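Listing of coords16.tsv, TSV, C-alpha atoms
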```
chain	number	residue	atom	x	y	z
A	6	MET	CA	31.52	0.50	-8.73
A	7	ILE	CA	34.16	-0.88	-6.38
A	8	TYR	CA	35.43	1.24	-3.50
A	9	GLU	CA	38.74	0.41	-1.85
A	10	PHE	CA	40.09	1.96	1.34
A	11	LEU	CA	43.33	1.55	3.32
A	12	ILE	CA	42.77	2.43	6.97
A	13	ASP	CA	45.24	4.80	8.62
A	14	ASP	CA	45.73	5.62	12.30
A	15	SER	CA	43.06	8.35	12.26
A	16	ASN	CA	40.31	5.78	11.67
A	17	GLN	CA	41.61	3.06	13.95
A	18	ASN	CA	38.87	1.65	16.28
A	19	THR	CA	36.12	3.19	14.15
A	20	ARG	CA	33.16	0.88	13.48
A	21	LEU	CA	33.07	-0.51	9.96
A	22	ASP	CA	29.54	0.74	9.22
A	23	VAL	CA	30.28	4.21	10.64
A	24	PHE	CA	33.43	4.57	8.53
A	25	LEU	CA	31.68	3.61	5.28
A	26	ALA	CA	28.67	5.83	6.01
A	27	ASN	CA	31.08	8.77	6.24
A	28	GLU	CA	32.90	7.85	3.03
A	29	VAL	CA	30.05	6.80	0.72
A	30	GLU	CA	26.79	8.59	-0.07
A	31	LEU	CA	24.61	5.98	1.62
A	32	SER	CA	22.77	5.89	4.93
A	33	ARG	CA	24.13	3.83	7.77
A	34	SER	CA	21.22	1.39	7.50
A	35	GLU	CA	21.92	0.94	3.78
A	36	ILE	CA	25.60	0.30	4.55
A	37	GLN	CA	24.61	-2.28	7.17
A	38	LYS	CA	22.51	-4.13	4.60
A	39	PHE	CA	25.50	-4.33	2.23
A	40	ILE	CA	27.65	-5.64	5.09
A	41	GLU	CA	25.03	-8.30	5.93
A	42	ASP	CA	24.95	-9.30	2.25
A	43	LYS	CA	28.75	-9.69	2.34
A	44	LYS	CA	29.32	-6.96	-0.22
A	45	VAL	CA	31.93	-5.46	2.11
A	46	LEU	CA	35.22	-7.26	2.71
A	47	VAL	CA	37.91	-6.39	5.24
A	48	ASN	CA	41.24	-7.95	4.38
A	49	TYR	CA	39.35	-10.08	1.85
A	50	LYS	CA	36.95	-11.46	4.46
A	51	PRO	CA	33.38	-10.43	5.42
A	52	GLN	CA	32.99	-8.79	8.83
A	53	LYS	CA	30.15	-7.70	11.07
A	54	LYS	CA	28.84	-4.13	11.01
A	55	ASN	CA	30.34	-3.39	14.45
A	56	TYR	CA	33.84	-4.57	13.50
A	57	LYS	CA	36.43	-2.13	14.86
A	58	LEU	CA	38.93	-1.10	12.20
A	59	ASN	CA	42.66	-1.51	12.61
A	60	SER	CA	45.45	0.45	11.02
A	61	ASN	CA	46.34	-0.96	7.56
A	62	ASP	CA	43.02	-2.80	7.19
A	63	LYS	CA	42.01	-3.02	3.55
A	64	ILE	CA	38.34	-2.51	2.80
A	65	LYS	CA	36.74	-3.51	-0.49
A	66	PHE	CA	33.14	-2.43	-1.09
A	67	ASP	CA	31.36	-3.66	-4.22
A	68	TYR	CA	28.55	-1.17	-4.73
A	69	GLU	CA	26.40	-0.63	-7.77
A	70	LYS	CA	24.37	2.52	-7.34
A	71	GLU	CA	20.66	1.95	-7.85
A	72	ASP	CA	18.82	4.03	-10.43
A	73	LYS	CA	16.00	5.60	-8.42
A	74	THR	CA	14.49	7.47	-11.37
A	75	ILE	CA	10.73	6.97	-11.61
A	76	ARG	CA	10.01	6.06	-15.24
A	77	ALA	CA	6.84	5.52	-17.25
A	78	GLN	CA	5.97	1.88	-17.92
A	79	LYS	CA	3.56	0.54	-20.50
A	80	HIS	CA	0.64	-1.17	-18.81
A	81	ASP	CA	-3.06	-1.32	-19.64
A	82	LEU	CA	-5.27	0.36	-17.05
A	83	ASP	CA	-8.98	-0.16	-16.38
A	84	VAL	CA	-10.14	3.47	-16.62
A	85	VAL	CA	-13.78	3.73	-15.53
A	86	TYR	CA	-14.05	7.54	-15.67
A	87	GLU	CA	-11.94	10.33	-17.16
A	88	ASP	CA	-12.23	14.03	-17.93
A	89	ASP	CA	-9.80	16.96	-18.24
A	90	TYR	CA	-9.24	17.15	-14.48
A	91	LEU	CA	-9.24	13.65	-13.05
A	92	ALA	CA	-9.54	9.94	-13.78
A	93	ILE	CA	-10.81	6.96	-11.80
A	94	ILE	CA	-8.94	3.68	-12.17
A	95	ASN	CA	-10.18	0.19	-11.26
A	96	LYS	CA	-6.89	-1.10	-9.80
A	97	ASP	CA	-5.76	-4.71	-10.09
A	98	LYS	CA	-4.36	-6.66	-7.15
A	99	ASP	CA	-0.61	-7.01	-6.61
A	100	VAL	CA	-0.06	-3.39	-7.66
A	101	ILE	CA	1.57	-0.97	-5.23
A	102	VAL	CA	0.06	2.50	-5.64
A	103	HIS	CA	3.31	4.52	-5.59
A	104	PRO	CA	7.08	3.98	-5.47
A	105	THR	CA	8.95	3.75	-2.17
A	106	GLU	CA	12.59	4.11	-1.13
A	107	THR	CA	13.22	0.55	-2.30
A	108	ILE	CA	10.65	0.05	-5.09
A	109	TYR	CA	10.88	2.23	-8.21
A	110	SER	CA	9.01	0.26	-10.88
A	111	ASP	CA	5.81	-1.68	-11.54
A	112	THR	CA	3.71	0.66	-9.41
A	113	LEU	CA	0.49	2.41	-10.37
A	114	VAL	CA	2.42	5.70	-10.69
A	115	ASN	CA	4.74	4.15	-13.30
A	116	TYR	CA	1.69	3.03	-15.27
A	117	LEU	CA	-0.07	6.38	-14.90
A	118	MET	CA	2.96	8.18	-16.30
A	119	TYR	CA	2.67	6.13	-19.47
A	120	ASN	CA	-1.11	6.45	-19.85
A	121	PHE	CA	-1.68	10.11	-18.94
A	122	LYS	CA	-0.01	13.23	-20.31
A	123	ASN	CA	-0.73	15.30	-17.20
A	124	LEU	CA	-0.57	14.28	-13.54
A	125	SER	CA	-0.50	16.34	-10.35
A	126	ASP	CA	2.81	16.53	-8.49
A	127	VAL	CA	1.75	18.14	-5.23
A	128	ASP	CA	3.30	15.30	-3.24
A	129	GLY	CA	6.39	14.87	-5.42
A	130	ASP	CA	7.43	12.52	-8.23
A	131	TYR	CA	6.85	9.38	-6.18
A	132	ARG	CA	3.14	10.18	-5.86
A	133	ARG	CA	2.25	11.77	-9.18
A	134	GLY	CA	-1.51	11.90	-9.53
A	135	ILE	CA	-2.14	9.97	-6.30
A	136	VAL	CA	-4.85	11.53	-4.14
A	137	HIS	CA	-5.55	8.56	-1.87
A	138	ARG	CA	-4.29	4.98	-1.60
A	139	LEU	CA	-5.35	1.35	-1.70
A	140	ASP	CA	-3.37	-1.54	-0.24
A	141	LYS	CA	-1.25	-3.50	-2.71
A	142	ASP	CA	-3.68	-6.45	-2.84
A	143	THR	CA	-6.92	-4.51	-2.45
A	144	THR	CA	-8.55	-4.08	-5.84
A	145	GLY	CA	-10.93	-1.38	-7.01
A	146	LEU	CA	-11.47	2.30	-7.50
A	147	ILE	CA	-8.83	4.97	-6.95
A	148	ILE	CA	-9.01	8.64	-7.97
A	149	ILE	CA	-6.19	10.24	-9.98
A	150	ALA	CA	-5.67	14.01	-10.25
A	151	LYS	CA	-4.34	15.51	-13.49
A	152	ASP	CA	-3.41	18.92	-12.07
A	153	ASN	CA	-2.43	20.37	-8.72
A	154	ASP	CA	-5.52	22.50	-8.21
A	155	THR	CA	-7.82	19.50	-8.70
A	156	HIS	CA	-5.55	17.43	-6.45
A	157	LEU	CA	-5.81	19.90	-3.57
A	158	LYS	CA	-9.58	20.21	-3.95
A	159	LEU	CA	-9.98	16.42	-3.94
A	160	LYS	CA	-7.85	16.25	-0.80
A	161	GLU	CA	-10.18	18.76	0.84
A	162	ILE	CA	-13.24	16.72	-0.17
A	163	ILE	CA	-11.70	13.61	1.37
A	164	LYS	CA	-10.65	15.50	4.52
A	165	ASN	CA	-14.20	16.81	4.98
A	166	HIS	CA	-15.69	13.32	4.47
A	167	GLU	CA	-17.61	14.53	1.40
A	168	ILE	CA	-16.86	11.40	-0.61
A	169	ILE	CA	-18.75	8.13	-0.23
A	170	LYS	CA	-16.50	5.06	-0.48
A	171	THR	CA	-18.16	1.65	-0.62
A	172	TYR	CA	-16.28	-1.64	-0.54
A	173	LEU	CA	-17.21	-5.29	-0.96
A	174	CYS	CA	-15.56	-8.12	0.93
A	175	ILE	CA	-16.03	-11.75	1.89
A	176	VAL	CA	-15.59	-12.48	5.58
A	177	HIS	CA	-15.52	-15.60	7.68
A	178	GLY	CA	-18.70	-16.61	9.49
A	179	LYS	CA	-22.26	-15.29	9.54
A	180	ILE	CA	-21.93	-11.59	10.23
A	181	ASP	CA	-24.82	-9.53	11.66
A	182	GLU	CA	-27.31	-8.19	9.13
A	183	SER	CA	-25.90	-4.68	9.55
A	184	GLY	CA	-23.89	-2.61	11.97
A	185	THR	CA	-21.54	0.29	12.63
A	186	ILE	CA	-17.99	-0.09	13.92
A	187	LYS	CA	-16.74	3.06	15.62
A	188	GLU	CA	-13.34	2.65	17.23
A	189	TYR	CA	-10.02	4.41	17.63
A	190	MET	CA	-7.11	2.94	15.69
A	191	THR	CA	-3.36	3.18	16.03
A	192	ARG	CA	-0.25	1.34	14.86
A	193	ASN	CA	0.49	-1.93	16.62
A	194	PRO	CA	3.58	-1.33	18.81
A	195	LYS	CA	4.54	-5.03	18.58
A	196	ASP	CA	4.30	-5.16	14.78
A	197	ARG	CA	4.70	-1.84	12.95
A	198	LYS	CA	3.23	-3.32	9.75
A	199	LYS	CA	-0.12	-3.75	11.48
A	200	MET	CA	-2.80	-1.41	12.77
A	201	MET	CA	-5.02	-2.14	15.77
A	202	VAL	CA	-8.10	-0.95	17.65
A	203	SER	CA	-7.00	1.02	20.69
A	204	ASP	CA	-8.18	3.45	23.36
A	205	GLU	CA	-6.11	6.10	21.61
A	206	GLY	CA	-5.19	7.07	18.05
A	207	LYS	CA	-7.56	8.27	15.34
A	208	LEU	CA	-11.29	7.65	15.17
A	209	SER	CA	-12.37	5.14	12.50
A	210	ILE	CA	-15.95	4.47	11.40
A	211	SER	CA	-17.24	1.70	9.12
A	212	GLN	CA	-20.88	0.87	8.36
A	213	TYR	CA	-21.57	-2.59	6.99
A	214	GLU	CA	-24.50	-4.50	5.48
A	215	ARG	CA	-24.67	-8.24	4.89
A	216	LEU	CA	-25.64	-9.04	1.30
A	217	ASP	CA	-25.55	-12.84	1.44
A	218	TYR	CA	-24.32	-15.56	3.81
A	219	ASN	CA	-24.05	-19.25	4.57
A	220	ASP	CA	-22.68	-21.21	7.53
A	221	ASP	CA	-19.07	-20.36	6.71
A	222	TYR	CA	-18.93	-17.01	4.89
A	223	SER	CA	-20.68	-13.69	4.40
A	224	LEU	CA	-20.67	-11.29	1.45
A	225	VAL	CA	-20.52	-7.80	2.92
A	226	LYS	CA	-20.90	-4.23	1.70
A	227	VAL	CA	-18.89	-1.73	3.76
A	228	GLN	CA	-19.10	2.05	3.62
A	229	ILE	CA	-16.22	3.82	5.33
A	230	LYS	CA	-16.75	7.19	6.95
A	231	THR	CA	-13.03	7.60	7.65
A	232	GLY	CA	-10.02	6.38	5.70
A	233	ARG	CA	-7.55	4.89	8.16
A	234	THR	CA	-4.81	2.50	7.06
A	235	HIS	CA	-6.18	-1.08	6.82
A	236	GLN	CA	-9.45	0.19	8.32
A	237	ILE	CA	-11.87	-2.44	6.97
A	238	ARG	CA	-9.41	-5.27	7.51
A	239	VAL	CA	-8.85	-4.24	11.14
A	240	HIS	CA	-12.56	-3.66	11.78
A	241	MET	CA	-13.68	-7.01	10.39
A	242	ASN	CA	-11.04	-8.80	12.46
A	243	TYR	CA	-12.08	-6.81	15.54
A	244	ILE	CA	-15.68	-8.09	15.34
A	245	HIS	CA	-14.37	-11.64	14.78
A	246	HIS	CA	-15.22	-11.84	11.08
A	247	PRO	CA	-11.81	-11.49	9.39
A	248	ILE	CA	-11.63	-11.07	5.63
A	249	LEU	CA	-11.00	-14.21	3.60
A	250	GLY	CA	-7.39	-14.43	2.43
A	251	ASP	CA	-6.07	-11.63	4.66
A	252	LYS	CA	-2.51	-12.65	5.51
A	253	LEU	CA	-2.04	-9.86	8.05
A	254	TYR	CA	-5.31	-9.89	10.01
A	255	GLY	CA	-7.05	-13.07	8.89
A	256	LEU	CA	-7.17	-16.68	10.05
A	257	LYS	CA	-3.92	-18.62	10.13
A	258	LYS	CA	-5.60	-21.66	8.61
A	259	GLU	CA	-8.39	-21.38	6.05
A	260	LYS	CA	-10.51	-24.00	4.30
A	261	ILE	CA	-10.35	-22.06	1.05
A	262	LEU	CA	-6.92	-20.71	0.20
A	263	PHE	CA	-6.44	-17.25	-1.34
A	264	ASP	CA	-3.14	-15.43	-1.62
A	265	SER	CA	-4.59	-12.02	-0.73
A	266	GLN	CA	-7.53	-10.38	1.02
A	267	VAL	CA	-10.87	-10.58	-0.83
A	268	LEU	CA	-11.57	-6.84	-0.64
A	269	HIS	CA	-12.66	-4.53	-3.46
A	270	ALA	CA	-13.27	-0.76	-3.60
A	271	TYR	CA	-16.59	-1.01	-5.45
A	272	ASN	CA	-18.18	2.44	-5.57
A	273	LEU	CA	-17.19	6.12	-5.33
A	274	GLN	CA	-19.62	9.03	-5.07
A	275	PHE	CA	-18.65	12.69	-4.79
A	276	ILE	CA	-19.24	16.14	-6.25
A	277	HIS	CA	-16.65	16.92	-8.92
A	278	PRO	CA	-14.35	19.65	-7.52
A	279	GLN	CA	-14.18	21.54	-10.85
A	280	THR	CA	-17.40	20.86	-12.81
A	281	HIS	CA	-19.59	20.39	-9.68
A	282	GLU	CA	-21.31	17.43	-11.30
A	283	LYS	CA	-22.18	14.37	-9.22
A	284	ILE	CA	-19.78	11.49	-9.89
A	285	ASN	CA	-21.07	8.00	-9.15
A	286	VAL	CA	-18.97	5.13	-10.51
A	287	ILE	CA	-18.75	1.39	-9.93
A	288	GLY	CA	-15.62	-0.72	-10.41
A	289	LYS	CA	-16.32	-4.10	-11.93
A	290	LEU	CA	-15.24	-6.99	-9.72
A	291	LYS	CA	-11.90	-8.54	-10.62
A	292	PRO	CA	-11.58	-12.25	-11.55
A	293	ASP	CA	-10.14	-13.27	-8.16
A	294	PHE	CA	-13.14	-11.82	-6.34
A	295	MET	CA	-15.52	-13.65	-8.67
A	296	THR	CA	-13.60	-16.88	-8.02
A	297	ALA	CA	-13.92	-16.28	-4.27
A	298	ILE	CA	-17.69	-15.84	-4.60
A	299	GLU	CA	-17.93	-19.09	-6.51
A	300	LYS	CA	-15.75	-21.06	-4.08
A	301	THR	CA	-17.58	-19.74	-1.00
A	302	LYS	CA	-20.96	-20.48	-2.66
A	303	LEU	CA	-22.27	-16.97	-2.14
A	304	ASP	CA	-24.76	-15.27	-4.46
A	305	TYR	CA	-23.21	-12.74	-6.86
A	306	THR	CA	-26.67	-11.38	-7.81
A	307	LYS	CA	-27.09	-9.95	-4.30
A	308	ILE	CA	-24.48	-7.30	-5.12
A	309	PRO	CA	-26.26	-4.06	-6.13
A	310	SER	CA	-25.54	-2.98	-9.69
A	311	LYS	CA	-26.23	0.64	-8.76
A	312	LEU	CA	-25.60	2.64	-5.60
```
When written as structure tokens, how does the structure in this file appear?
Amino acid sequence: MIYEFLIDDSNQNTRLDVFLANEVELSRSEIQKFIEDKKVLVNYKPQKKNYKLNSNDKIKFDYEKEDKTIRAQKHDLDVVYEDDYLAIINKDKDVIVHPTETIYSDTLVNYLMYNFKNLSDVDGDYRRGIVHRLDKDTTGLIIIAKDNDTHLKLKEIIKNHEIIKTYLCIVHGKIDESGTIKEYMTRNPKDRKKMMVSDEGKLSISQYERLDYNDDYSLVKVQIKTGRTHQIRVHMNYIHHPILGDKLYGLKKEKILFDSQVLHAYNLQFIHPQTHEKINVIGKLKPDFMTAIEKTKLDYTKIPSKL
């Protein structure tokens, strides 16, 4: 759609981005992005967002409204457990868990909508079925709720720390045989994409055990007692053993190159909120993790087959 405006005296000296935000159903930040991308012309020329309008200015705005509908997409999922109330998926890497304001397709939610008839919607369409999250490039187990009652009960289990979550990762260096990391975490004020250990924020607890090691790398099992954003990645970096391949918290230069963190949600244990049975499932390691084990010359057989 192309919008065209002829400025009259009433809008003279109004900023370009402010004027368009009042005329078009878009936020000011969205308008500014269109201006930066030169989708907005004033008198047939691009202008800056703070351009002050003059009487008789002609504005042309080429805007194609995005379809933000969340649609089902065909995609095979690795379902490791399923019953009438919930499912547990072994997520691949490079899969965002749910849509955002700018991403509407190719997320786990899109794939769930195709594969499951019923999904909870407690948290809205963008998070259908999603009880908890994994980072885009973290692989492994994630619980999906099929109805709202089960969803709320699972949330309560997680809130009360009644679920055991165990991860596997490969870190740089020879880590201690075992240990507990108990620190407060908050968002990094210098980089809002990152979290950091701080004197304030929320308490985070990770218990780790070294499964195998050599001079350069360690294969580590980590059980998290809390579920803070990027918790394991931040904790491993904090004790000077960053996760291999971690672009956000890892080493700037690595001997072995991986395009994402070698971190896998390996095991989940909890009491089923509806049937009250004990659930104990393991998510098979993905090919990239197996490649990392091979390249770092660590011993795959040291990983427990049961927990």
With distances taken over all atoms listed in the file, which residue among A:Leu139, A:Ile163, A:Ile75, A:Val45 lies nearest Ala270 of chain A?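 Among the listed residues, A:Leu139 lies closest to Ala270 of chain A.
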Skipping near chain neighbours, those fewer than 6 positions away, what residues fall within 8 Å of Ser60 of chain A using only C-alpha atoms, listed as a PDB file with C-alpha atoms, in the frame of the given file?
```pdb
ATOM      1  CA  ILE A  12      42.770   2.430   6.970  1.00  0.00           C
ATOM      2  CA  ASP A  13      45.240   4.800   8.620  1.00  0.00           C
ATOM      3  CA  ASP A  14      45.730   5.620  12.300  1.00  0.00           C
ATOM      4  CA  ASN A  16      40.310   5.780  11.670  1.00  0.00           C
ATOM      5  CA  GLN A  17      41.610   3.060  13.950  1.00  0.00           C
TER       6      GLN A  17
END
```
* To do: For Leu173 of chain A, list every protein, DNA or RNA residue within 9 Å, evaluated using all atoms listed in the file, and leave out those in the same chain fewer than 5 positions away; present the list as a count of residues only.
  => 11
Checklist entry - Smallest atom-to-atom distance to Tyr116 of chain A: which of A:Lys79, A:His103, A:Lys179, A:Thr144, using only C-alpha atoms? => result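 Looking at the shortest contact to Tyr116 of chain A, the residue is A:Lys79.
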inquiry  = For a cutoff of 9 Å around the file-coordinate point (-7.2, -6.8, -9.8), which residues qualify once you count all atoms listed in the file? I'd like the result as a list in words.
reply    = Asn95, Lys96, Asp97, Lys98, Asp99, Val100, Asp142, Thr143, Thr144, Gly145, His269, Leu290, Lys291, Pro292, Asp293 and Phe294 of chain A
Atoms kept (C-alpha atoms) for selection, written as a tab-separated table (two decimals), keeping the file's coordinate frame:
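Final file, again.tsv:
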```
chain	number	residue	atom	x	y	z
A	95	ASN	CA	-10.18	0.19	-11.26
A	96	LYS	CA	-6.89	-1.10	-9.80
A	97	ASP	CA	-5.76	-4.71	-10.09
A	98	LYS	CA	-4.36	-6.66	-7.15
A	99	ASP	CA	-0.61	-7.01	-6.61
A	100	VAL	CA	-0.06	-3.39	-7.66
A	142	ASP	CA	-3.68	-6.45	-2.84
A	143	THR	CA	-6.92	-4.51	-2.45
A	144	THR	CA	-8.55	-4.08	-5.84
A	145	GLY	CA	-10.93	-1.38	-7.01
A	269	HIS	CA	-12.66	-4.53	-3.46
A	290	LEU	CA	-15.24	-6.99	-9.72
A	291	LYS	CA	-11.90	-8.54	-10.62
A	292	PRO	CA	-11.58	-12.25	-11.55
A	293	ASP	CA	-10.14	-13.27	-8.16
A	294	PHE	CA	-13.14	-11.82	-6.34
```
re atom CA of Lys44 of chain A and atom CA of Tyr109 of chain A: distance 22.1 Å
**OP:** Calculate how many Å separate atom CA of Arg192 of chain A from atom CA of Gly129 of chain A, rounding to one decimal.
**Re:**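 We find that atom CA of Arg192 of chain A and atom CA of Gly129 of chain A lie 25.3 Å from each other.
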- Shell around Ile94 of chain A at 12 Å using all atoms listed in the file, local window under 3 positions removed, as a PyMOL selection string: chain A and resi 81-87+91+97+102+113-114+116-117+120-121+134-139+144-150+270-273+286-289
Here atom CA of Gln279 of chain A and atom CA of Asp126 of chain A stand apart by 17.9 Å
